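What follows is the content of input_16.txt (compact mmCIF, C-alpha atoms).
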# COMPACT_ATOMS: atom_id res chain seq x y z
CA MET A 219 8.04 15.75 20.20
CA SER A 220 4.91 15.38 22.34
CA ILE A 221 1.60 13.66 21.57
CA PRO A 222 -1.56 14.21 23.62
CA TYR A 223 -3.48 11.13 24.87
CA TYR A 224 -6.62 12.10 23.00
CA ILE A 225 -4.94 11.05 19.73
CA PHE A 226 -5.44 7.44 20.91
CA GLY A 227 -9.06 8.28 21.66
CA ILE A 228 -9.48 9.50 18.10
CA ILE A 229 -7.86 6.33 16.70
CA TYR A 230 -10.26 4.31 18.88
CA LEU A 231 -13.24 6.27 17.57
CA VAL A 232 -12.15 5.61 13.97
CA GLY A 233 -12.02 1.89 14.83
CA LEU A 234 -15.50 2.16 16.34
CA LEU A 235 -16.81 3.82 13.18
CA VAL A 236 -15.46 0.97 11.02
CA LEU A 237 -16.95 -1.69 13.33
CA GLY A 238 -20.23 0.26 13.52
CA PHE A 239 -20.42 0.42 9.74
CA PHE A 240 -20.13 -3.38 9.40
CA LEU A 241 -22.58 -3.92 12.26
CA LEU A 242 -25.19 -1.68 10.62
CA LEU A 243 -24.60 -3.42 7.30
CA ASN A 244 -25.30 -6.82 8.88
CA ILE A 245 -28.44 -5.52 10.60
CA TYR A 246 -29.58 -3.95 7.32
CA HIS A 247 -29.21 -7.29 5.50
CA ILE A 248 -31.20 -9.16 8.14
CA VAL A 249 -34.02 -6.61 8.08
CA ARG A 250 -33.87 -6.19 4.28
CA TYR A 251 -34.20 -9.90 3.53
CA GLY A 252 -37.04 -10.39 5.96
CA PHE A 253 -35.14 -12.43 8.54
CA PHE A 254 -35.68 -10.00 11.40
CA ARG A 255 -37.95 -12.42 13.24
CA LEU A 256 -37.62 -14.04 16.65
CA ASN A 257 -34.17 -15.66 16.22
CA GLY A 258 -32.83 -12.72 14.25
CA GLN A 259 -34.05 -10.26 16.85
CA LEU A 260 -32.73 -12.31 19.78
CA VAL A 261 -29.19 -12.60 18.39
CA THR A 262 -29.16 -8.99 17.17
CA TYR A 263 -30.26 -7.65 20.57
CA LEU A 264 -27.79 -9.95 22.36
CA VAL A 265 -24.88 -8.71 20.23
CA LEU A 266 -25.97 -5.06 20.56
CA GLY A 267 -26.38 -5.52 24.34
CA VAL A 268 -22.91 -7.03 24.78
CA MET A 269 -21.37 -4.32 22.62
CA LEU A 270 -23.09 -1.66 24.72
CA VAL A 271 -21.71 -3.26 27.91
CA ILE A 272 -18.19 -3.25 26.38
CA LEU A 273 -18.54 0.44 25.50
CA ILE A 274 -19.85 1.35 28.98
CA ALA A 275 -17.03 -0.66 30.63
CA THR A 276 -14.46 1.10 28.41
CA ALA A 277 -15.90 4.52 29.27
CA SER A 278 -15.95 3.78 32.99
CA LEU A 279 -12.35 2.48 32.95
CA LEU A 280 -11.16 5.61 31.17
CA MET A 281 -13.32 8.10 33.03
CA SER A 282 -10.50 9.47 35.18
CA VAL A 283 -8.04 9.88 32.30
CA ASP A 284 -6.87 13.38 31.50
CA TRP A 285 -6.92 13.24 27.71
CA PHE A 286 -4.89 16.42 27.30
CA THR A 287 -1.86 15.00 29.08
CA GLU A 288 1.03 14.77 26.65
CA PHE A 289 3.75 12.21 26.45
CA THR A 290 7.13 12.81 24.85
CA ILE A 291 8.45 10.47 22.16
CA PHE A 292 11.79 12.11 21.55
CA MET B 185 -46.33 -21.67 5.62
CA HIS B 186 -45.09 -18.62 3.75
CA LEU B 187 -41.61 -17.96 2.51
CA PRO B 188 -39.96 -15.92 5.25
CA TRP B 189 -38.71 -13.28 2.82
CA SER B 190 -41.73 -13.16 0.51
CA THR B 191 -42.12 -9.42 1.14
CA ALA B 192 -38.46 -8.79 0.44
CA PHE B 193 -37.56 -10.19 -2.94
CA LEU B 194 -38.94 -13.66 -3.63
CA GLN B 195 -42.57 -14.01 -4.47
CA GLN B 196 -44.27 -17.13 -3.29
CA HIS B 197 -46.73 -18.33 -5.93
CA SER B 198 -50.34 -18.24 -4.84
CA ASP B 199 -50.74 -22.02 -5.20
CA GLU B 200 -47.27 -22.89 -3.87
CA LYS B 201 -46.84 -24.86 -0.66
CA VAL B 202 -43.57 -24.67 1.31
CA LEU B 203 -42.56 -28.16 2.42
CA LEU B 204 -39.18 -27.56 3.99
CA ILE B 205 -36.92 -24.71 5.03
CA LEU B 206 -33.37 -25.89 5.66
CA ARG B 207 -30.30 -24.36 7.19
CA ARG B 208 -26.98 -25.98 7.98
CA HIS B 209 -26.85 -28.23 11.05
CA TRP B 210 -26.66 -26.58 14.50
CA LEU B 211 -23.14 -27.98 14.90
CA VAL B 212 -21.94 -25.29 12.46
CA LEU B 213 -23.42 -22.66 14.78
CA PHE B 214 -21.92 -24.44 17.79
CA ARG B 215 -18.47 -24.11 16.20
CA PHE B 216 -18.97 -20.33 15.95
CA ILE B 217 -20.00 -20.20 19.61
CA CYS B 218 -16.84 -22.16 20.58
CA GLU B 219 -14.78 -19.67 18.56
CA LEU B 220 -16.47 -16.79 20.37
CA ILE B 221 -15.71 -18.33 23.78
CA GLY B 222 -12.10 -19.15 22.77
CA LEU B 223 -11.40 -15.67 21.43
CA SER B 224 -13.04 -14.10 24.50
CA LEU B 225 -10.87 -16.15 26.85
CA LEU B 226 -7.63 -15.53 24.94
CA PRO B 227 -6.82 -12.11 26.51
CA MET B 228 -7.34 -13.69 29.93
CA SER B 229 -3.76 -15.02 29.72
CA PHE B 230 -2.61 -11.42 29.38
CA PHE B 231 -4.65 -10.30 32.42
CA ILE B 232 -3.45 -13.30 34.48
CA THR B 233 0.18 -12.49 33.60
CA TRP B 234 -0.51 -8.88 34.52
CA TYR B 235 -1.94 -9.97 37.87
CA TRP B 236 0.84 -12.52 38.63
CA LEU B 237 3.62 -10.10 37.84
CA ASP B 238 1.86 -7.62 40.07
CA TRP B 239 2.23 -4.81 37.58
CA ASP B 240 1.16 -1.58 39.11
CA ILE B 241 -0.10 0.51 36.24
CA GLU B 242 -1.22 4.02 36.92
CA LYS B 243 -4.72 4.83 35.69
CA ASN B 244 -3.55 7.91 33.85
CA SER B 245 -0.61 6.26 32.14
CA LEU B 246 -0.24 5.71 28.41
CA ILE B 247 0.11 1.92 28.71
CA TYR B 248 -3.17 1.75 30.67
CA ILE B 249 -5.06 3.80 28.06
CA ILE B 250 -3.67 1.82 25.13
CA THR B 251 -4.44 -1.51 26.86
CA VAL B 252 -8.05 -0.56 27.64
CA LEU B 253 -8.70 0.86 24.15
CA PHE B 254 -7.06 -2.13 22.45
CA PHE B 255 -9.03 -4.74 24.38
CA SER B 256 -12.24 -2.76 23.98
CA LEU B 257 -11.82 -2.82 20.18
CA TYR B 258 -10.70 -6.46 20.35
CA TYR B 259 -13.86 -7.60 22.18
CA LEU B 260 -16.10 -5.49 19.94
CA GLY B 261 -14.39 -7.09 16.94
CA VAL B 262 -14.82 -10.60 18.37
CA TRP B 263 -18.57 -10.04 18.89
CA LEU B 264 -18.94 -8.47 15.46
CA ARG B 265 -17.19 -11.48 13.96
CA PHE B 266 -19.60 -13.81 15.80
CA TYR B 267 -22.54 -11.74 14.54
CA TYR B 268 -21.19 -11.97 10.99
CA ASP B 269 -20.69 -15.76 11.26
CA TRP B 270 -24.18 -16.20 12.65
CA PHE B 271 -25.58 -13.88 9.94
CA ASP B 272 -23.84 -15.97 7.28
CA TYR B 273 -25.30 -19.14 8.82
CA TYR B 274 -28.78 -17.68 9.23
CA LEU B 275 -29.07 -16.18 5.75
CA ASP B 276 -27.97 -19.33 3.91
CA VAL B 277 -31.17 -21.21 3.38
CA TRP B 278 -32.67 -23.87 1.13
CA VAL B 279 -36.41 -23.96 0.57
CA VAL B 280 -38.24 -26.95 -0.88
CA THR B 281 -41.73 -26.23 -2.10
CA ASP B 282 -44.10 -28.40 -4.11
CA GLN B 283 -43.05 -26.46 -7.25
CA ARG B 284 -39.38 -25.54 -6.91
CA ILE B 285 -36.21 -25.61 -4.87
CA ILE B 286 -34.71 -22.27 -3.88
CA ASP B 287 -31.09 -21.91 -2.85
CA VAL B 288 -30.19 -18.66 -1.10
CA GLN B 289 -26.51 -18.14 -0.34
CA GLN B 290 -25.02 -15.15 1.40
CA LYS B 291 -21.41 -14.86 0.20
CA GLY B 292 -19.73 -12.25 2.31
CA ILE B 293 -21.49 -9.04 3.19
CA PHE B 294 -22.10 -7.71 -0.30
CA ASN B 295 -22.87 -10.84 -2.36
CA ARG B 296 -26.11 -12.73 -2.24
CA VAL B 297 -26.92 -15.49 -4.72
CA VAL B 298 -30.45 -16.79 -5.16
CA SER B 299 -31.01 -19.74 -7.48
CA GLU B 300 -34.08 -21.78 -8.05
CA LEU B 301 -35.02 -24.83 -10.05
CA ASN B 302 -38.27 -26.33 -11.12
CA ILE B 303 -38.97 -29.44 -9.06
CA VAL B 304 -40.04 -31.30 -12.23
CA LYS B 305 -36.54 -30.93 -13.71
CA ILE B 306 -34.85 -32.95 -11.00
CA GLN B 307 -33.17 -36.06 -12.32
CA ASP B 308 -31.19 -37.44 -9.44
CA VAL B 309 -31.02 -36.86 -5.69
CA THR B 310 -28.15 -38.18 -3.56
CA SER B 311 -27.61 -37.88 0.17
CA GLU B 312 -24.13 -38.16 1.67
CA VAL B 313 -23.16 -38.71 5.31
CA LYS B 314 -19.41 -38.78 5.84
CA GLY B 315 -17.53 -39.75 8.97
CA GLU B 316 -18.39 -40.60 12.57
CA LEU B 317 -19.59 -37.15 13.61
CA GLN B 318 -22.00 -36.77 10.71
CA THR B 319 -23.28 -40.32 11.23
CA PHE B 320 -23.72 -39.80 14.97
CA LEU B 321 -25.45 -36.42 14.63
CA ASP B 322 -27.28 -37.34 11.42
CA TYR B 323 -26.27 -34.52 9.13
CA GLY B 324 -24.59 -34.30 5.73
CA ASN B 325 -24.96 -33.13 2.15
CA VAL B 326 -27.79 -33.62 -0.31
CA TYR B 327 -26.95 -33.34 -4.03
CA VAL B 328 -29.78 -32.48 -6.40
CA GLN B 329 -28.95 -33.02 -10.07
CA THR B 330 -31.11 -31.32 -12.64
CA ALA B 331 -31.87 -32.81 -16.04
CA GLY B 332 -30.77 -30.06 -18.36
CA GLU B 333 -27.79 -28.69 -16.52
CA GLN B 334 -24.40 -29.86 -15.37
CA ARG B 335 -24.66 -27.78 -12.23
CA ARG B 336 -25.92 -29.42 -9.09
CA PHE B 337 -27.75 -27.96 -6.14
CA ILE B 338 -25.98 -28.90 -2.95
CA PHE B 339 -27.65 -28.66 0.43
CA GLN B 340 -24.55 -28.47 2.60
CA GLN B 341 -24.36 -29.91 6.13
CA VAL B 342 -28.11 -30.14 6.53
CA PRO B 343 -29.78 -32.22 9.25
CA HIS B 344 -31.39 -35.58 8.30
CA PRO B 345 -30.03 -35.69 4.71
CA GLN B 346 -31.65 -39.03 3.87
CA ALA B 347 -35.09 -37.82 4.88
CA VAL B 348 -34.53 -34.60 2.91
CA ALA B 349 -33.49 -36.58 -0.18
CA GLN B 350 -36.57 -38.80 0.13
CA LEU B 351 -38.83 -35.77 0.46
CA VAL B 352 -37.30 -34.17 -2.65
CA ILE B 353 -37.70 -37.40 -4.64
CA HIS B 354 -41.29 -37.80 -3.45
CA THR B 355 -42.11 -34.16 -4.28
CA ASN B 356 -40.49 -34.59 -7.71
CA ASN B 357 -42.61 -37.71 -8.41
CA GLU B 358 -45.78 -35.92 -7.33
CA ALA B 359 -44.92 -32.91 -9.50
CA ILE B 360 -44.28 -35.15 -12.55
CA LYS B 361 -47.71 -36.75 -12.02
CA ARG B 362 -49.29 -33.30 -11.95
CA HIS B 363 -47.31 -31.95 -14.94
CA PRO B 364 -46.34 -34.93 -17.15
CA ALA B 365 -45.99 -32.77 -20.27
CA GLU B 366 -43.46 -30.48 -18.61
CA ALA B 367 -41.43 -33.47 -17.42
CA LYS B 368 -41.35 -34.99 -20.94
CA LEU B 369 -39.89 -31.78 -22.36
CA GLU B 370 -36.71 -32.54 -20.46

Now that the file is in, can you turn its structure into structure tokens?
Amino acid sequence: MSIPYYIFGIIYLVGLLVLGFFLLLNIYHIVRYGFFRLNGQLVTYLVLGVMLVILIATASLLMSVDWFTEFTIF
Amino acid sequence: MHLPWSTAFLQQHSDEKVLLILRRHWLVLFRFICELIGLSLLPMSFFITWYWLDWDIEKNSLIYIITVLFFSLYYLGVWLRFYYDWFDYYLDVWVVTDQRIIDVQQKGIFNRVVSELNIVKIQDVTSEVKGELQTFLDYGNVYVQTAGEQRRFIFQQVPHPQAVAQLVIHTNNEAIKRHPAEAKLE
């Protein structure tokens, strides 16, 4: 039985969706309750910036991967 | 000074003056930052082991892909956790005005509890500073007991608890002078 590498990419994307959902929920609360002022904006932009750097680093590390390569389990 | 969320869900009365907006002491936030640093450094032991053992991992191998994806999600999760902790810290707030005390508590992502009490109804205010750290950094709890209820308002881990307690007592006395009839009802 063979599994292509992109399956792991899909699992990763599902994980990203879950994290993204909670991130948006937190941002929504801060904006909704009127706390999106200087401190709120600073921390929110810092967290979003770091997350963006992590995503760019991940993409650049995996740029050369051939996602359609298959590996055999059995 | 206006209530920071007056447009959102709490209406500041037209003749109401905000005296104090309190959050927990910065040490609570500092603990979250230490956690963030600790959790960020944790995978370093894995990378150091990797480097020391001189593992040569091909860039198109399965182990490489899984490692990169795992640590990417791990670091995103660590930062999201920090953001959540900070959000929990930032959205828990106590507001003392010349008419009422408002306690806003964010409990998890989906629960938010807002309680308020009339400043005239306050019966007893106690400040508590426990231990060396709290004494050294001057933070602790302030307990506000209302007349008609068993429940107490607790300002948890707030800076300068004695000064806060004195301000609440002073505001209560002033409010009773302004509204003696309301105070007698209790």

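Considering the residues A:Tyr263, A:Tyr246, A:Phe240, A:Phe286 and counting only C-alpha atoms, Ile225 in chain A has its shortest atom-to-atom contact with A:Phe286.
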
Distance query Ala275 in chain A at most 12 Å, all atoms listed in the file, self and fewer than 6 positions along chain excluded, as a list in words: Val268, Met269 and Met281 of chain A; Val252, Leu253, Phe255, Ser256, Leu257, Tyr259 and Leu260 of chain B

Check: which chain A residues lie within 9 Å of chain B using all atoms listed in the file, as number ranges by chain: A: 223, 226-227, 230, 233-234, 237, 240-241, 243-245, 247-248, 250-253, 255, 258, 261-262, 265, 268-269, 272-273, 275-276, 279-280, 282-285, 287, 289

All residues 12 Å or closer to Asn357 in chain B, all atoms listed in the file, same chain fewer than 4 positions away omitted, as an MDAnalysis selection string: chainID B and resid 282:283 303:309 350:353 361:364 367

Distance in Å - CA of Gln289 in chain B versus CA of Leu213 in chain B: 16.1 Å

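Across the structure, CA of Ala349 in chain B and CA of Glu312 in chain B are spaced 9.7 Å apart.
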
Two-atom distance - CA of Leu242 in chain A, CA of Val277 in chain B (Å): 21.7 Å

Report, as lines of an AutoDock Vina configuration file, the axis-aligned box around all atoms of range 256-275 of chain A present in the file, extended by 4 Å on each side; give centre and edge lengths in Å to one decimal place.
center_x = -27.3
center_y = -7.2
center_z = 22.4
size_x = 28.6
size_y = 25.0
size_z = 24.4

Polymer residues at most 7 Å from (-36.5, -22.3, 6.9) by only C-alpha atoms, as a short mmCIF file (atom, residue, chain, number, x, y, z; two decimals) with C-alpha atoms, keeping the file's coordinate frame:
data_model
loop_
_atom_site.label_atom_id
_atom_site.label_comp_id
_atom_site.auth_asym_id
_atom_site.auth_seq_id
_atom_site.Cartn_x
_atom_site.Cartn_y
_atom_site.Cartn_z
CA LEU B 204 -39.18 -27.56 3.99
CA ILE B 205 -36.92 -24.71 5.03
CA LEU B 206 -33.37 -25.89 5.66
CA ARG B 207 -30.30 -24.36 7.19
CA VAL B 277 -31.17 -21.21 3.38
CA VAL B 279 -36.41 -23.96 0.57
#

Option closest in space to Val342 in chain B, from B:Trp239, B:Phe230, B:Phe216, B:Trp210 [counting all atoms listed in the file]: B:Trp210

Residues within 12 Å of (10.4, 8.0, 21.5), file coords, all atoms listed in the file, listed as a VMD selection string: chain A and resid 219 to 221 289 to 292

All residues 12 Å or closer to Thr319 in chain B, all atoms listed in the file, same chain fewer than 6 positions away omitted, as a list in words: Glu312, Val313, Asn325, Gln341, Pro343, His344, Pro345 and Gln346 of chain B

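Of the listed residues B:Asn295, B:Gln318, B:Ser224, B:Asn356, the one whose atoms come nearest to Gln340 in chain B is B:Gln318, with distances taken using only C-alpha atoms.
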
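Comparing B:Pro227, B:Lys201, B:Asp240, B:Leu301 by their smallest distance to Arg336 in chain B, the closest is B:Leu301 (using only C-alpha atoms).
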
Residue completion, range 246-263 of chain A, N, CA and C atoms, as a PDB file, in the frame of the given file:
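Writing done, so here's result.pdb:
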ATOM      1  N   TYR A 246     -28.821  -4.338   8.518  1.00  0.00           N
ATOM      2  CA  TYR A 246     -29.580  -3.950   7.320  1.00  0.00           C
ATOM      3  C   TYR A 246     -29.944  -5.197   6.491  1.00  0.00           C
ATOM      4  N   HIS A 247     -28.954  -6.083   6.297  1.00  0.00           N
ATOM      5  CA  HIS A 247     -29.210  -7.290   5.500  1.00  0.00           C
ATOM      6  C   HIS A 247     -30.304  -8.146   6.136  1.00  0.00           C
ATOM      7  N   ILE A 248     -30.227  -8.298   7.449  1.00  0.00           N
ATOM      8  CA  ILE A 248     -31.200  -9.160   8.140  1.00  0.00           C
ATOM      9  C   ILE A 248     -32.602  -8.565   8.030  1.00  0.00           C
ATOM     10  N   VAL A 249     -32.709  -7.261   8.183  1.00  0.00           N
ATOM     11  CA  VAL A 249     -34.020  -6.610   8.080  1.00  0.00           C
ATOM     12  C   VAL A 249     -34.482  -6.612   6.619  1.00  0.00           C
ATOM     13  N   ARG A 250     -33.553  -6.309   5.710  1.00  0.00           N
ATOM     14  CA  ARG A 250     -33.870  -6.190   4.280  1.00  0.00           C
ATOM     15  C   ARG A 250     -34.399  -7.498   3.702  1.00  0.00           C
ATOM     16  N   TYR A 251     -33.801  -8.618   4.094  1.00  0.00           N
ATOM     17  CA  TYR A 251     -34.200  -9.900   3.530  1.00  0.00           C
ATOM     18  C   TYR A 251     -35.276 -10.592   4.351  1.00  0.00           C
ATOM     19  N   GLY A 252     -35.877  -9.876   5.258  1.00  0.00           N
ATOM     20  CA  GLY A 252     -37.040 -10.390   5.960  1.00  0.00           C
ATOM     21  C   GLY A 252     -36.736 -11.441   7.013  1.00  0.00           C
ATOM     22  N   PHE A 253     -35.500 -11.439   7.530  1.00  0.00           N
ATOM     23  CA  PHE A 253     -35.140 -12.430   8.540  1.00  0.00           C
ATOM     24  C   PHE A 253     -35.171 -11.858   9.957  1.00  0.00           C
ATOM     25  N   PHE A 254     -35.687 -10.620  10.083  1.00  0.00           N
ATOM     26  CA  PHE A 254     -35.680 -10.000  11.400  1.00  0.00           C
ATOM     27  C   PHE A 254     -36.885 -10.504  12.198  1.00  0.00           C
ATOM     28  N   ARG A 255     -36.891 -11.810  12.453  1.00  0.00           N
ATOM     29  CA  ARG A 255     -37.950 -12.420  13.240  1.00  0.00           C
ATOM     30  C   ARG A 255     -37.369 -12.817  14.573  1.00  0.00           C
ATOM     31  N   LEU A 256     -38.017 -13.744  15.267  1.00  0.00           N
ATOM     32  CA  LEU A 256     -37.620 -14.040  16.650  1.00  0.00           C
ATOM     33  C   LEU A 256     -36.125 -14.321  16.823  1.00  0.00           C
ATOM     34  N   ASN A 257     -35.598 -15.311  16.073  1.00  0.00           N
ATOM     35  CA  ASN A 257     -34.170 -15.660  16.220  1.00  0.00           C
ATOM     36  C   ASN A 257     -33.275 -14.489  15.824  1.00  0.00           C
ATOM     37  N   GLY A 258     -33.620 -13.860  14.732  1.00  0.00           N
ATOM     38  CA  GLY A 258     -32.830 -12.720  14.250  1.00  0.00           C
ATOM     39  C   GLY A 258     -32.807 -11.600  15.265  1.00  0.00           C
ATOM     40  N   GLN A 259     -33.968 -11.333  15.860  1.00  0.00           N
ATOM     41  CA  GLN A 259     -34.050 -10.260  16.850  1.00  0.00           C
ATOM     42  C   GLN A 259     -33.271 -10.622  18.110  1.00  0.00           C
ATOM     43  N   LEU A 260     -33.413 -11.888  18.554  1.00  0.00           N
ATOM     44  CA  LEU A 260     -32.730 -12.310  19.780  1.00  0.00           C
ATOM     45  C   LEU A 260     -31.221 -12.134  19.657  1.00  0.00           C
ATOM     46  N   VAL A 261     -30.652 -12.671  18.566  1.00  0.00           N
ATOM     47  CA  VAL A 261     -29.190 -12.600  18.390  1.00  0.00           C
ATOM     48  C   VAL A 261     -28.749 -11.156  18.186  1.00  0.00           C
ATOM     49  N   THR A 262     -29.524 -10.395  17.414  1.00  0.00           N
ATOM     50  CA  THR A 262     -29.160  -8.990  17.170  1.00  0.00           C
ATOM     51  C   THR A 262     -29.152  -8.209  18.490  1.00  0.00           C
ATOM     52  N   TYR A 263     -30.198  -8.383  19.301  1.00  0.00           N
ATOM     53  CA  TYR A 263     -30.260  -7.650  20.570  1.00  0.00           C
ATOM     54  C   TYR A 263     -29.160  -8.125  21.531  1.00  0.00           C
TER      55      TYR A 263
END
